[in-house]
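Raw contents of protein_30.cif, mmCIF, C-alpha atoms:
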data_final
loop_
_atom_site.label_atom_id
_atom_site.label_comp_id
_atom_site.auth_asym_id
_atom_site.auth_seq_id
_atom_site.Cartn_x
_atom_site.Cartn_y
_atom_site.Cartn_z
CA MET A 119 99.01 99.55 108.98
CA LEU A 120 98.64 100.94 105.45
CA CYS A 121 97.66 97.47 104.16
CA VAL A 122 94.93 97.19 106.81
CA ALA A 123 93.57 100.64 105.90
CA TRP A 124 93.59 99.72 102.19
CA LEU A 125 91.79 96.42 102.92
CA LEU A 126 89.14 98.21 104.98
CA LEU A 127 88.63 100.71 102.15
CA VAL A 128 88.17 97.90 99.60
CA ILE A 129 85.73 96.07 101.90
CA SER A 130 83.72 99.23 102.54
CA MET A 131 83.62 100.01 98.80
CA GLU A 132 82.26 96.54 98.10
CA ALA A 133 79.62 96.99 100.79
CA VAL A 134 78.25 100.12 99.07
CA ALA A 135 78.85 98.99 95.49
CA GLY A 136 75.73 98.34 93.49
CA VAL A 137 74.79 95.19 91.64
CA ASP A 138 76.30 96.75 88.49
CA GLN A 139 79.74 96.48 90.09
CA LYS A 140 79.33 92.75 90.66
CA PHE A 141 77.50 92.12 87.38
CA PRO A 142 78.38 94.79 84.75
CA GLU A 143 75.88 93.32 82.26
CA VAL A 144 73.08 94.77 84.42
CA ARG A 145 73.92 98.19 82.94
CA GLY A 146 73.02 96.79 79.50
CA TYR A 147 69.69 95.47 80.79
CA PHE A 148 68.85 98.94 82.17
CA PRO A 149 70.50 101.47 79.80
CA THR A 150 68.62 104.45 81.28
CA ALA A 151 69.52 103.60 84.88
CA THR A 152 71.28 106.23 86.95
CA ARG A 153 71.68 104.23 90.16
CA PHE A 154 72.04 100.54 91.03
CA GLY A 155 71.33 99.22 94.50
CA ASP A 156 72.95 96.24 96.14
CA ILE A 157 71.17 92.91 96.51
CA SER A 158 69.28 92.98 99.81
CA GLY A 159 65.83 92.53 101.34
CA GLU A 160 63.24 89.77 101.17
CA PRO A 161 63.23 88.36 98.59
CA PRO A 162 66.81 89.47 97.93
CA ALA A 163 67.03 91.80 94.92
CA ALA A 164 68.85 94.94 93.83
CA THR A 165 66.65 97.91 93.06
CA ILE A 166 67.48 99.77 89.83
CA TYR A 167 66.69 103.48 89.54
CA GLU A 168 66.37 106.15 86.88
CA GLY A 169 66.69 109.28 88.98
CA ASP A 170 64.40 108.61 91.95
CA LYS A 171 62.09 106.29 89.99
CA VAL A 172 62.38 102.51 90.42
CA ILE A 173 62.68 100.96 86.95
CA GLY A 174 63.45 97.37 87.84
CA TYR A 175 65.21 94.76 89.90
CA ALA A 176 68.07 92.30 89.49
CA PHE A 177 68.76 89.19 91.54
CA GLU A 178 70.54 85.86 91.63
CA SER A 179 68.19 82.89 91.36
CA VAL A 180 69.95 80.93 94.12
CA MET A 181 69.01 83.67 96.59
CA VAL A 182 65.33 83.26 95.76
CA ALA A 183 64.96 79.56 94.86
CA PRO A 184 68.10 77.45 95.49
CA VAL A 185 66.59 74.34 93.90
CA PRO A 186 69.16 71.56 93.41
CA ALA A 187 69.53 70.49 89.79
CA TYR A 188 70.61 67.08 88.47
CA SER A 189 74.13 67.60 89.86
CA GLY A 190 72.74 68.23 93.34
CA GLU A 191 73.78 71.90 93.10
CA PRO A 192 71.52 74.73 91.99
CA VAL A 193 71.99 76.54 88.70
CA ASN A 194 72.59 80.22 89.52
CA ILE A 195 71.09 82.71 87.07
CA LEU A 196 71.23 86.48 87.07
CA VAL A 197 67.70 87.73 86.36
CA ALA A 198 66.69 91.31 85.58
CA ILE A 199 63.04 92.38 85.57
CA ASP A 200 61.44 95.70 84.79
CA GLN A 201 58.91 97.43 87.04
CA THR A 202 56.03 95.48 85.45
CA GLY A 203 57.65 92.10 86.14
CA LYS A 204 58.79 91.49 82.56
CA ILE A 205 62.08 89.59 82.35
CA ILE A 206 64.50 91.79 80.42
CA GLY A 207 67.78 89.98 81.00
CA THR A 208 69.19 86.61 82.05
CA LYS A 209 72.65 85.16 82.40
CA VAL A 210 73.85 81.81 83.74
CA LEU A 211 76.33 82.65 86.50
CA GLU A 212 77.19 79.15 87.68
CA GLN A 213 76.22 75.57 86.91
CA HIS A 214 77.66 72.13 87.61
CA GLU A 215 75.45 69.95 85.46
CA PRO A 216 77.40 66.86 84.38
CA ILE A 217 75.49 66.47 81.11
CA LEU A 218 76.53 70.01 80.15
CA LEU A 219 80.13 69.24 81.00
CA VAL A 220 80.47 66.08 78.92
CA GLY A 221 77.68 65.77 76.37
CA ILE A 222 75.62 68.84 75.65
CA PRO A 223 77.23 72.18 74.85
CA VAL A 224 76.72 74.64 77.71
CA GLN A 225 75.50 77.14 75.10
CA LYS A 226 72.24 75.14 75.05
CA LEU A 227 71.67 76.16 78.69
CA TYR A 228 72.51 79.79 77.90
CA ASP A 229 70.04 79.73 74.99
CA PHE A 230 67.37 78.08 77.16
CA VAL A 231 67.69 80.72 79.88
CA ALA A 232 67.48 83.48 77.25
CA ARG A 233 64.06 82.15 76.17
CA TYR A 234 62.59 83.66 79.35
CA ILE A 235 63.40 87.19 78.20
CA GLY A 236 60.19 88.97 77.29
CA HIS A 237 58.02 86.81 79.53
CA SER A 238 56.46 88.07 82.76
CA VAL A 239 57.23 86.67 86.17
CA LYS A 240 53.46 86.16 86.37
CA ASP A 241 53.39 83.86 83.33
CA LYS A 242 52.68 80.22 84.03
CA ILE A 243 55.58 78.72 82.10
CA VAL A 244 55.50 75.02 81.28
CA VAL A 245 58.68 73.24 80.15
CA GLY A 246 58.22 70.56 77.50
CA GLY A 247 55.04 68.54 77.07
CA SER A 248 51.78 70.14 76.07
CA SER A 249 50.76 73.60 77.17
CA ALA A 250 47.91 73.85 79.62
CA PRO A 251 45.33 76.57 78.96
CA GLY A 252 46.67 79.94 80.08
CA SER A 253 50.27 78.78 80.15
CA VAL A 254 53.35 79.52 78.07
CA LYS A 255 55.32 76.58 76.68
CA ILE A 256 59.10 76.62 76.49
CA ASP A 257 60.84 73.60 74.97
CA ALA A 258 63.24 71.77 77.29
CA ILE A 259 66.90 71.27 76.48
CA SER A 260 66.97 67.94 74.63
CA SER A 261 68.58 65.27 76.89
CA ALA A 262 68.69 67.72 79.80
CA THR A 263 65.04 67.75 80.85
CA VAL A 264 65.74 67.69 84.60
CA THR A 265 68.05 70.69 84.29
CA SER A 266 65.44 72.51 82.20
CA MET A 267 62.70 71.87 84.74
CA VAL A 268 64.85 72.97 87.68
CA VAL A 269 65.85 76.18 85.90
CA ASN A 270 62.16 76.86 85.21
#
Conversion result in structure tokens:
Amino acid sequence: MLCVAWLLLVISMEAVAGVDQKFPEVRGYFPTATRFGDISGEPPAATIYEGDKVIGYAFESVMVAPVPAYSGEPVNILVAIDQTGKIIGTKVLEQHEPILLVGIPVQKLYDFVARYIGHSVKDKIVVGGSSAPGSVKIDAISSATVTSMVVN
């Protein structure tokens, strides 16, 4: 009986825990935050607060755009944006790209994802090739162009 009560307590704590419990790095993205919501809503995102003021959002990319990459599985990225839509933090949570497992160091993917920091969610980002007018160009990961385009 005690084990069941303990399990129910743990489950209920997880249900009310904020995104910062699941992803502690979110606290670093929002150093002035006083409260972290859980991921919910449409599109799914956790609301981040400073007092009663919303200062940003955090979400997992697979909850918003589960686009299959070269492996057939999506690359899951933690994304943090401020209230203006500026990307202030990224972290690769999961990937199964074969080229990153056998040929290209996975750090290349981490570095690629970090290039989005400072850009707005409204920016028209183009991966590789030439930049179209009004767009922002980010170089693809050499020999992992499909992965780069899917992540974009």
- request: Name the residues captured by the PyMOL selection byres ((chain A and resi 217-234) around 10) when it is applied to the shown file; answer as an MDAnalysis selection string.
  value: chainID A and resid 188:189 195:197 204:211 213:216 235:239 243 256:262 265:266 269:270
message: Show me, as a list of chain:residue names, the residues that have an atom within 10 Å of region 144-151 of chain A when counting all atoms listed in the file, minus same-chain residues fewer than 4 positions from it.
response: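 Counting all atoms listed in the file, the residues come to A:Val137, A:Asp138, A:Gln139, A:Lys140, A:Ile166, A:Tyr167, A:Glu168, A:Gly169, A:Lys171, A:Val172, A:Ile173, A:Gly174, A:Tyr175, A:Ala176, A:Leu196, A:Val197, A:Ala198, A:Ile199, A:Asp200, A:Ile205, A:Ile206, A:Gly207, A:Thr208, A:Lys209.
For the pair CA of Thr263 (chain A) and CA of Pro161 (chain A), the separation is 27.3 Å.
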field: Separation of CA of Val245 (chain A) from CA of Glu143 (chain A) in Å
entry: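 Between CA of Glu143 (chain A) and CA of Val245 (chain A) the gap is 26.5 Å.
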query: For Glu191 (chain A), which residue among A:Ile157, A:Ala250, A:Ala164, A:Val268 is the nearest when counting all atoms listed in the file?
result: A:Val268
message: Can you measure CA of Pro162 (chain A) to CA of Pro184 (chain A) for me? One decimal in Å is fine.
response: 12.3 Å
